[in-house]
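Everything below belongs to start.pdb, which stores PDB, C-alpha atoms.
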MODEL        1
ATOM      1  CA  MET F 257      54.674  18.483 -24.392
ATOM      2  CA  GLN F 258      52.921  15.161 -23.856
ATOM      3  CA  VAL F 259      52.023  14.385 -20.225
ATOM      4  CA  ILE F 260      50.942  11.144 -18.630
ATOM      5  CA  ALA F 261      49.384  11.292 -15.151
ATOM      6  CA  ILE F 262      49.313   8.269 -12.846
ATOM      7  CA  SER F 263      46.870   8.223  -9.967
ATOM      8  CA  GLU F 264      43.525   6.912  -8.775
ATOM      9  CA  SER F 265      40.375   7.834 -10.693
ATOM     10  CA  ASP F 266      39.038  10.173  -7.976
ATOM     11  CA  ASP F 267      42.155  12.387  -7.880
ATOM     12  CA  HIS F 268      40.800  15.932  -8.239
ATOM     13  CA  HIS F 269      44.288  17.332  -8.824
ATOM     14  CA  VAL F 270      44.688  15.279 -11.993
ATOM     15  CA  HIS F 271      41.207  16.118 -13.281
ATOM     16  CA  LYS F 272      41.731  19.854 -12.721
ATOM     17  CA  VAL F 273      45.180  19.908 -14.333
ATOM     18  CA  MET F 274      44.134  17.712 -17.264
ATOM     19  CA  ASN F 275      41.120  19.913 -17.994
ATOM     20  CA  ARG F 276      43.291  23.033 -17.900
ATOM     21  CA  MET F 277      45.890  21.348 -20.123
ATOM     22  CA  LYS F 278      43.170  20.611 -22.664
ATOM     23  CA  GLU F 279      42.182  24.296 -22.661
ATOM     24  CA  ARG F 280      45.839  25.123 -23.314
ATOM     25  CA  SER F 281      46.075  22.539 -26.138
ATOM     26  CA  VAL F 282      48.459  20.331 -24.161
ATOM     27  CA  THR F 283      47.881  16.621 -24.675
ATOM     28  CA  GLY F 284      47.773  14.167 -21.805
ATOM     29  CA  LEU F 285      46.901  10.625 -20.785
ATOM     30  CA  PHE F 286      45.511   9.538 -17.407
ATOM     31  CA  ILE F 287      46.401   6.034 -16.144
ATOM     32  CA  GLN F 288      43.915   5.299 -13.349
ATOM     33  CA  THR F 289      45.623   2.781 -11.083
ATOM     34  CA  ASP F 290      42.354   1.604  -9.502
ATOM     35  CA  GLN F 291      40.742   0.976 -12.892
ATOM     36  CA  ILE F 292      43.465  -0.981 -14.688
ATOM     37  CA  PHE F 293      41.688  -4.312 -14.627
ATOM     38  CA  LYS F 294      38.183  -2.920 -14.992
ATOM     39  CA  SER F 295      39.307  -1.424 -18.308
ATOM     40  CA  LYS F 296      40.389  -4.899 -19.541
ATOM     41  CA  THR F 297      43.908  -4.003 -20.582
ATOM     42  CA  THR F 298      45.943  -6.242 -22.847
ATOM     43  CA  TRP F 299      49.700  -5.998 -23.341
ATOM     44  CA  LEU F 300      50.872  -8.024 -26.310
ATOM     45  CA  VAL F 301      54.625  -8.647 -26.271
ATOM     46  CA  SER F 302      55.761 -10.840 -29.144
ATOM     47  CA  PRO F 303      58.546 -11.097 -31.780
ATOM     48  CA  ARG F 304      56.214  -9.340 -34.218
ATOM     49  CA  ARG F 305      55.070  -6.344 -32.144
ATOM     50  CA  ALA F 306      54.511  -4.982 -28.678
ATOM     51  CA  THR F 307      51.261  -3.173 -27.904
ATOM     52  CA  ILE F 308      49.199  -2.229 -24.874
ATOM     53  CA  HIS F 309      45.459  -1.783 -25.265
ATOM     54  CA  PRO F 310      43.831   0.453 -24.143
ATOM     55  CA  VAL F 311      46.784   2.780 -24.733
ATOM     56  CA  MET F 312      49.031   3.031 -21.672
ATOM     57  CA  TRP F 313      52.249   3.518 -23.607
ATOM     58  CA  ASP F 314      52.882   6.500 -25.853
ATOM     59  CA  PRO F 315      56.499   6.957 -27.009
ATOM     60  CA  SER F 316      55.890  10.691 -27.511
ATOM     61  CA  THR F 317      55.397  11.185 -23.746
ATOM     62  CA  THR F 318      57.868  13.701 -22.325
ATOM     63  CA  VAL F 319      56.575  14.063 -18.739
ATOM     64  CA  VAL F 320      55.274  11.533 -16.229
ATOM     65  CA  TRP F 321      53.297  13.098 -13.386
ATOM     66  CA  ASN F 322      53.477  10.385 -10.764
ATOM     67  CA  ARG F 323      50.757  10.735  -8.114
ATOM     68  CA  SER F 324      50.165   6.998  -7.862
ATOM     69  CA  ARG F 325      48.808   5.892  -4.519
ATOM     70  CA  THR F 326      48.624   2.388  -3.100
ATOM     71  CA  LEU F 327      46.519   0.283  -5.400
ATOM     72  CA  THR F 328      43.193  -0.670  -3.846
ATOM     73  CA  PRO F 329      43.625  -4.230  -2.546
ATOM     74  CA  ALA F 330      41.312  -6.986  -3.689
ATOM     75  CA  TYR F 331      38.682  -7.876  -1.112
ATOM     76  CA  MET F 332      40.054 -11.326  -0.374
ATOM     77  CA  THR F 333      41.664 -13.020   2.593
ATOM     78  CA  GLU F 334      45.389 -13.173   3.199
ATOM     79  CA  PRO F 335      47.736 -14.301   1.747
ATOM     80  CA  VAL F 336      45.763 -14.209  -1.527
ATOM     81  CA  ASN F 337      45.090 -10.489  -1.098
ATOM     82  CA  SER F 338      48.823  -9.689  -0.730
ATOM     83  CA  PHE F 339      49.663 -11.800  -3.762
ATOM     84  CA  ILE F 340      47.137  -9.930  -5.909
ATOM     85  CA  GLN F 341      48.431  -6.611  -4.609
ATOM     86  CA  GLN F 342      52.056  -7.459  -5.413
ATOM     87  CA  GLU F 343      51.222  -8.841  -8.855
ATOM     88  CA  THR F 344      49.230  -5.707  -9.686
ATOM     89  CA  ASP F 345      52.110  -3.515  -8.525
ATOM     90  CA  GLY F 346      54.459  -5.570 -10.694
ATOM     91  CA  TYR F 347      52.256  -5.164 -13.756
ATOM     92  CA  LEU F 348      51.970  -1.399 -13.325
ATOM     93  CA  SER F 349      55.725  -1.102 -12.693
ATOM     94  CA  ALA F 350      56.459  -2.894 -15.960
ATOM     95  CA  VAL F 351      54.239  -0.434 -17.834
ATOM     96  CA  LEU F 352      55.830   2.575 -16.141
ATOM     97  CA  ASN F 353      59.341   1.295 -16.889
ATOM     98  CA  GLN F 354      58.595   2.063 -20.540
ATOM     99  CA  TYR F 355      58.639   5.760 -19.587
ATOM    100  CA  ARG F 356      62.008   5.739 -17.831
ATOM    101  CA  THR F 357      63.554   8.280 -20.250
ATOM    102  CA  ALA F 358      60.820  10.871 -19.625
ATOM    103  CA  LYS F 359      60.892  13.617 -16.988
ATOM    104  CA  TRP F 360      59.313  12.253 -13.797
ATOM    105  CA  VAL F 361      57.453  14.345 -11.236
ATOM    106  CA  SER F 362      58.670  12.610  -9.188
ATOM    107  CA  LYS F 363      60.653   9.369  -9.675
ATOM    108  CA  ARG F 364      59.223   6.332  -7.917
ATOM    109  CA  ASP F 365      62.405   5.560  -5.978
ATOM    110  CA  SER F 366      62.626   9.212  -4.884
ATOM    111  CA  LEU F 367      59.081   9.040  -3.482
ATOM    112  CA  MET F 368      59.983   5.949  -1.483
ATOM    113  CA  PHE F 369      63.271   7.486  -0.319
ATOM    114  CA  ALA F 370      61.475  10.583   0.998
ATOM    115  CA  ARG F 371      58.754   8.802   2.991
ATOM    116  CA  SER F 372      60.474   8.558   6.385
ATOM    117  CA  LYS F 373      59.603  11.454   8.687
ATOM    118  CA  ILE F 374      62.619  10.564  10.830
ATOM    119  CA  ASP F 375      65.091  11.016   7.993
ATOM    120  CA  GLN F 376      63.279  14.166   6.885
ATOM    121  CA  LEU F 377      63.941  15.707  10.303
ATOM    122  CA  VAL F 378      67.601  14.618  10.274
ATOM    123  CA  GLN F 379      68.217  16.112   6.838
ATOM    124  CA  ALA F 380      66.160  19.264   7.478
ATOM    125  CA  GLN F 381      68.293  20.031  10.528
ATOM    126  CA  LYS F 382      71.484  19.452   8.510
ATOM    127  CA  PHE F 383      70.305  22.029   5.976
ATOM    128  CA  GLY F 384      69.619  24.615   8.677
ATOM    129  CA  LEU F 385      65.877  24.270   9.198
ATOM    130  CA  THR F 386      64.520  24.472  12.745
ATOM    131  CA  ILE F 387      62.838  21.241  13.898
ATOM    132  CA  PRO F 388      60.935  20.246  17.063
ATOM    133  CA  ASP F 389      62.771  18.349  19.804
ATOM    134  CA  THR F 390      62.135  14.738  18.750
ATOM    135  CA  ILE F 391      62.567  11.217  20.114
ATOM    136  CA  VAL F 392      62.132   7.871  18.361
ATOM    137  CA  THR F 393      62.238   5.031  20.863
ATOM    138  CA  THR F 394      61.083   1.581  21.905
ATOM    139  CA  SER F 395      62.036   2.313  25.522
ATOM    140  CA  GLU F 396      59.266   3.209  27.956
ATOM    141  CA  GLU F 397      61.832   4.733  30.350
ATOM    142  CA  ASP F 398      63.319   7.014  27.697
ATOM    143  CA  LEU F 399      59.859   8.088  26.567
ATOM    144  CA  LYS F 400      58.901   8.928  30.163
ATOM    145  CA  ASP F 401      62.095  10.995  30.548
ATOM    146  CA  PHE F 402      61.283  12.876  27.339
ATOM    147  CA  PHE F 403      57.724  13.420  28.584
ATOM    148  CA  GLU F 404      58.983  14.896  31.871
ATOM    149  CA  GLN F 405      61.617  17.072  30.164
ATOM    150  CA  HIS F 406      58.834  18.778  28.232
ATOM    151  CA  ASN F 407      56.367  19.016  31.130
ATOM    152  CA  GLY F 408      53.994  16.509  29.568
ATOM    153  CA  GLN F 409      53.554  18.604  26.431
ATOM    154  CA  ILE F 410      54.414  16.082  23.716
ATOM    155  CA  ILE F 411      52.677  14.747  20.635
ATOM    156  CA  THR F 412      53.084  11.505  18.695
ATOM    157  CA  LYS F 413      52.722  10.792  14.991
ATOM    158  CA  PRO F 414      53.342   7.893  12.555
ATOM    159  CA  ILE F 415      56.877   7.427  11.270
ATOM    160  CA  GLN F 416      55.678   7.094   7.683
ATOM    161  CA  THR F 417      52.339   5.257   7.450
ATOM    162  CA  GLN F 418      49.225   7.397   7.816
ATOM    163  CA  VAL F 419      46.612   5.279   6.029
ATOM    164  CA  VAL F 420      46.216   1.491   6.123
ATOM    165  CA  TRP F 421      43.769  -0.307   3.859
ATOM    166  CA  THR F 422      41.989  -3.400   5.172
ATOM    167  CA  SER F 423      39.220  -5.273   3.341
ATOM    168  CA  GLY F 424      38.182  -2.224   1.376
ATOM    169  CA  ASP F 425      38.160   0.062   4.420
ATOM    170  CA  SER F 426      40.825   2.468   5.636
ATOM    171  CA  LEU F 427      42.346   3.255   9.015
ATOM    172  CA  VAL F 428      43.914   6.704   9.426
ATOM    173  CA  PHE F 429      46.698   7.471  11.910
ATOM    174  CA  GLY F 430      47.272  11.139  12.665
ATOM    175  CA  THR F 431      49.060  13.472  15.060
ATOM    176  CA  ARG F 432      47.761  13.472  18.648
ATOM    177  CA  TRP F 433      48.743  14.408  22.188
ATOM    178  CA  LEU F 434      50.440  11.702  24.248
ATOM    179  CA  THR F 435      49.179  11.417  27.839
ATOM    180  CA  VAL F 436      51.053  10.065  30.859
ATOM    181  CA  ASN F 437      48.732   7.030  30.985
ATOM    182  CA  GLU F 438      49.717   6.053  27.434
ATOM    183  CA  LEU F 439      53.489   6.091  27.844
ATOM    184  CA  GLY F 440      53.804   2.446  28.839
ATOM    185  CA  SER F 441      51.365   1.012  26.323
ATOM    186  CA  THR F 442      52.807   3.099  23.509
ATOM    187  CA  CYS F 443      56.131   1.241  23.697
ATOM    188  CA  SER F 444      55.106  -2.147  25.104
ATOM    189  CA  HIS F 445      52.026  -2.827  22.974
ATOM    190  CA  SER F 446      52.580  -0.969  19.724
ATOM    191  CA  HIS F 447      55.204  -3.477  18.465
ATOM    192  CA  THR F 448      57.036  -0.628  16.764
ATOM    193  CA  ALA F 449      59.036   2.469  17.587
ATOM    194  CA  CYS F 450      57.272   5.558  18.897
ATOM    195  CA  LEU F 451      57.978   8.934  17.299
ATOM    196  CA  ALA F 452      57.229  11.743  19.766
ATOM    197  CA  GLN F 453      57.922  15.460  19.644
ATOM    198  CA  ALA F 454      57.829  18.386  22.007
ATOM    199  CA  ALA F 455      54.731  20.456  21.346
ATOM    200  CA  VAL F 456      55.499  23.771  19.663
ATOM    201  CA  ASP F 457      53.624  26.967  20.479
ATOM    202  CA  ILE F 458      51.628  27.583  17.307
ATOM    203  CA  ASP F 459      50.264  30.754  15.777
ATOM    204  CA  ALA F 460      49.519  29.205  12.370
ATOM    205  CA  GLU F 461      50.702  26.497   9.981
ATOM    206  CA  VAL F 462      52.452  27.135   6.693
ATOM    207  CA  ARG F 463      52.430  24.807   3.695
ATOM    208  CA  VAL F 464      55.153  25.344   1.108
ATOM    209  CA  VAL F 465      54.317  23.856  -2.300
ATOM    210  CA  THR F 466      57.416  23.475  -4.457
ATOM    211  CA  PHE F 467      57.374  22.977  -8.236
ATOM    212  CA  GLY F 468      60.955  22.255  -9.218
ATOM    213  CA  ARG F 469      62.688  24.938  -7.125
ATOM    214  CA  GLU F 470      59.849  27.455  -7.260
ATOM    215  CA  CYS F 471      58.271  27.802  -3.796
ATOM    216  CA  HIS F 472      54.696  28.925  -3.118
ATOM    217  CA  ALA F 473      53.803  29.339   0.556
ATOM    218  CA  PHE F 474      50.417  29.572   2.251
ATOM    219  CA  LYS F 475      49.575  30.484   5.828
ATOM    220  CA  MET F 476      46.712  28.648   7.539
ATOM    221  CA  THR F 477      45.377  30.173  10.762
ATOM    222  CA  PRO F 478      42.904  28.037  12.752
ATOM    223  CA  SER F 479      39.892  29.579  14.455
ATOM    224  CA  GLN F 480      40.566  27.427  17.527
ATOM    225  CA  LYS F 481      43.458  25.473  19.034
ATOM    226  CA  VAL F 482      43.656  21.857  17.838
ATOM    227  CA  GLU F 483      46.242  19.063  17.778
ATOM    228  CA  ASP F 484      46.132  18.866  13.988
ATOM    229  CA  LEU F 485      44.586  21.264  11.452
ATOM    230  CA  LYS F 486      43.077  18.240   9.683
ATOM    231  CA  GLN F 487      40.607  18.028  12.579
ATOM    232  CA  LEU F 488      38.977  21.290  11.469
ATOM    233  CA  GLU F 489      36.668  22.106   8.583
ATOM    234  CA  LEU F 490      38.278  24.279   5.916
ATOM    235  CA  SER F 491      35.766  26.983   6.791
ATOM    236  CA  ASP F 492      37.337  27.157  10.267
ATOM    237  CA  ILE F 493      40.802  27.919   8.847
ATOM    238  CA  HIS F 494      41.836  31.256   7.356
ATOM    239  CA  HIS F 495      44.044  30.767   4.281
ATOM    240  CA  GLU F 496      46.352  33.370   2.777
ATOM    241  CA  VAL F 497      49.464  33.590   0.598
ATOM    242  CA  PHE F 498      52.622  33.780   2.703
ATOM    243  CA  GLU F 499      56.000  35.275   1.790
ATOM    244  CA  LEU F 500      59.056  33.076   2.392
ATOM    245  CA  GLY F 501      62.544  34.396   2.997
ATOM    246  CA  THR F 502      65.356  33.664   0.522
ATOM    247  CA  ILE F 503      67.346  31.574   3.019
ATOM    248  CA  LEU F 504      64.372  29.333   3.789
ATOM    249  CA  LYS F 505      63.723  28.788   0.085
ATOM    250  CA  LYS F 506      67.341  27.688  -0.377
ATOM    251  CA  GLN F 507      67.084  25.300   2.588
ATOM    252  CA  ILE F 508      63.953  23.705   1.119
ATOM    253  CA  GLY F 509      65.741  23.450  -2.221
ATOM    254  CA  LYS F 510      68.597  21.536  -0.587
ATOM    255  CA  LEU F 511      66.090  19.130   0.949
ATOM    256  CA  MET F 512      64.492  18.613  -2.467
ATOM    257  CA  ASP F 513      67.914  18.003  -4.029
ATOM    258  CA  TYR F 514      68.786  15.468  -1.337
ATOM    259  CA  TYR F 515      65.674  13.411  -2.103
ATOM    260  CA  ASP F 516      65.875  14.098  -5.864
ATOM    261  CA  LEU F 517      62.292  15.390  -5.896
ATOM    262  CA  GLU F 518      60.638  17.551  -8.545
ATOM    263  CA  PHE F 519      57.666  18.358  -6.309
ATOM    264  CA  SER F 520      56.954  18.525  -2.596
ATOM    265  CA  ALA F 521      54.627  19.994   0.009
ATOM    266  CA  CYS F 522      56.449  20.961   3.209
ATOM    267  CA  ASP F 523      54.584  21.758   6.421
ATOM    268  CA  PHE F 524      55.818  24.231   9.037
ATOM    269  CA  ILE F 525      54.562  25.650  12.306
ATOM    270  CA  LEU F 526      54.614  29.432  12.516
ATOM    271  CA  LYS F 527      55.363  30.406  16.114
ATOM    272  CA  PRO F 528      54.029  33.625  17.677
ATOM    273  CA  ASP F 529      57.540  35.115  17.434
ATOM    274  CA  GLY F 530      57.566  34.523  13.662
ATOM    275  CA  GLU F 531      59.955  31.540  13.622
ATOM    276  CA  LEU F 532      59.114  28.700  11.233
ATOM    277  CA  VAL F 533      59.551  25.146  12.545
ATOM    278  CA  PHE F 534      59.782  22.305  10.005
ATOM    279  CA  LEU F 535      57.332  19.448  10.577
ATOM    280  CA  GLU F 536      57.484  17.197   7.535
ATOM    281  CA  LEU F 537      57.786  16.878   3.793
ATOM    282  CA  ASN F 538      55.079  15.193   1.748
ATOM    283  CA  PRO F 539      56.558  14.150  -1.618
ATOM    284  CA  ASN F 540      53.074  13.843  -3.133
ATOM    285  CA  GLY F 541      51.131  16.345  -1.041
ATOM    286  CA  GLN F 542      47.862  18.112  -1.760
ATOM    287  CA  TRP F 543      47.692  21.705  -3.002
ATOM    288  CA  LEU F 544      44.469  22.197  -4.957
ATOM    289  CA  TRP F 545      42.480  23.336  -1.908
ATOM    290  CA  LEU F 546      44.974  26.164  -1.417
ATOM    291  CA  GLU F 547      44.133  27.476  -4.870
ATOM    292  CA  TYR F 548      40.417  27.315  -4.108
ATOM    293  CA  LYS F 549      40.765  29.034  -0.720
ATOM    294  CA  THR F 550      43.161  31.830  -1.751
ATOM    295  CA  GLY F 551      42.476  32.344  -5.466
ATOM    296  CA  PHE F 552      46.204  31.930  -6.154
ATOM    297  CA  ASP F 553      46.591  30.093  -9.475
ATOM    298  CA  LEU F 554      48.710  27.014  -8.830
ATOM    299  CA  THR F 555      47.285  24.956 -11.707
ATOM    300  CA  ASP F 556      48.769  27.042 -14.524
ATOM    301  CA  ARG F 557      52.032  27.407 -12.637
ATOM    302  CA  PHE F 558      52.203  23.631 -12.282
ATOM    303  CA  ILE F 559      51.578  23.117 -16.008
ATOM    304  CA  ASP F 560      54.256  25.702 -16.818
ATOM    305  CA  PHE F 561      56.635  23.795 -14.541
ATOM    306  CA  LEU F 562      55.866  20.495 -16.314
ATOM    307  CA  ASN F 563      56.799  22.189 -19.573
ATOM    308  CA  THR F 564      60.237  23.396 -18.385
TER     309      THR F 564
ENDMDL
END
Could you express the structure from this file as structure tokens?
Amino acid sequence: MQVIAISESDDHHVHKVMNRMKERSVTGLFIQTDQIFKSKTTWLVSPRRATIHPVMWDPSTTVVWNRSRTLTPAYMTEPVNSFIQQETDGYLSAVLNQYRTAKWVSKRDSLMFARSKIDQLVQAQKFGLTIPDTIVTTSEEDLKDFFEQHNGQIITKPIQTQVVWTSGDSLVFGTRWLTVNELGSTCSHSHTACLAQAAVDIDAEVRVVTFGRECHAFKMTPSQKVEDLKQLELSDIHHEVFELGTILKKQIGKLMDYYDLEFSACDFILKPDGELVFLELNPNGQWLWLEYKTGFDLTDRFIDFLNT
């Protein structure tokens, strides 16, 4: 097996897996998307030969592990910045097209297809998963009605964009409570649709990491009530391995098949009565911290999956 990993240079998942692969005598190559031009790459395409230096194309590659994130934009003003971003994306895409016959974890078009949280909810419900009562609207009146139906207990979250890069800095949009004073401005000033959901009584959160169709679930119990577990330090969250039922595993598998994904991280709310409520699917989600917090070896299982 020859693996190529595509991500940014600070991706701890890639470093951990690559180091373990080396210990297991598995060869791999790491294309660092934020270092492409710093490494002074040259791609010679001519009637005589075609080469890329430093090596970014190896015909013996059998697996492409695609964790590529948005390339860091150049620190220039618009529209020059957008042009540089698009040209860089085009260059990297041309390189990656050379690997189209390899096994992808996951395919680039599948990652794009799976980004919308709205469609995730629609498909999850079709496959039998329980979802929160949800509204997506540009109407202040409809949002107010939804707010009143749920006694003011609603949250809002981005439809698909959680991080925006501007001039080398980042702006993060997360899940938060929606107050009655924000209902009007949310629709009239946001210039986009609002995704809101009825708050669900939470006992814990569950992340299901899926390699192929092999599911590994982890229960995360917060020490205090918060809108989003990301607001807490890891030390304030108890992590443990969680057992999933057979039916739920099959439902997640159907969702993976629908999006043609080889990997995913699905998040659920665990209610006090034991019911699991689907929140979202992250087609390139994080999992390494779960290994650190529980001692459950995901790294070797992931490498075994790449080799199947």
Problem set entry | Residues near Trp433 in chain F, cut-off 12 Å, all atoms listed in the file, skip fewer than 2 positions along chain, as a PyMOL selection string | chain F and resi 403+408-413+430-431+435-439+451-456+482-484
For this session: Determine the nearest neighbour of Arg323 in chain F from the options F:Gln258, F:Ser479, F:Gln288, F:Thr550, counting only C-alpha atoms.
Result: F:Gln288
Problem set entry | Residue neighbourhood Ser324 in chain F, 10 Å, only C-alpha atoms, exclusion window fewer than 4 positions, as number ranges by chain | F: 261-264, 267, 287-290, 364, 540
How about saving the chosen residues, C-alpha atoms kept, as a CSV table (one decimal), keeping the file's coordinate frame?
chain,number,residue,atom,x,y,z
F,261,ALA,CA,49.4,11.3,-15.2
F,262,ILE,CA,49.3,8.3,-12.8
F,263,SER,CA,46.9,8.2,-10.0
F,264,GLU,CA,43.5,6.9,-8.8
F,267,ASP,CA,42.2,12.4,-7.9
F,287,ILE,CA,46.4,6.0,-16.1
F,288,GLN,CA,43.9,5.3,-13.3
F,289,THR,CA,45.6,2.8,-11.1
F,290,ASP,CA,42.4,1.6,-9.5
F,364,ARG,CA,59.2,6.3,-7.9
F,540,ASN,CA,53.1,13.8,-3.1
For this session: Would you translate the PyMOL selection byres ((chain F and resi 561) around 12) into the concrete set of residues it matches in this file, as number ranges by chain?
Result: F: 257, 259, 319, 321, 359-361, 466-471, 518-519, 554-560, 562-564
Exercise. Separation of CA of Val273 in chain F and CA of Trp545 in chain F, in Å?
Worked result: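 CA of Trp545 in chain F lies 13.2 Å from CA of Val273 in chain F.
CA of Ile525 in chain F is positioned 14.3 Å from CA of Glu499 in chain F.
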Taking all listed atoms of range 469-479 of chain F, build the axis-aligned box, pad each of the six sides by 6 Å, then write its centre and edge lengths in Å to one decimal as JSON.
{"center_x": 51.3, "center_y": 27.7, "center_z": 3.6, "size_x": 34.8, "size_y": 17.5, "size_z": 33.7}
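As for CA of Asp365 in chain F and CA of Leu511 in chain F, they are spaced 15.7 Å apart.
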For this session: Name the closest residue to Lys272 in chain F among the candidates F:Pro388, F:Asn353, F:Tyr548, F:Lys382; distances are taken between atoms, counting only C-alpha atoms.
Result: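 Of the candidates, the smallest distance to Lys272 in chain F is held by F:Tyr548.
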Problem set entry | Reference answer for the PyMOL selection byres ((chain F and resi 476-478) around 9), as a PyMOL selection string | chain F and resi 459-463+474-475+479-482+485+488+492-497
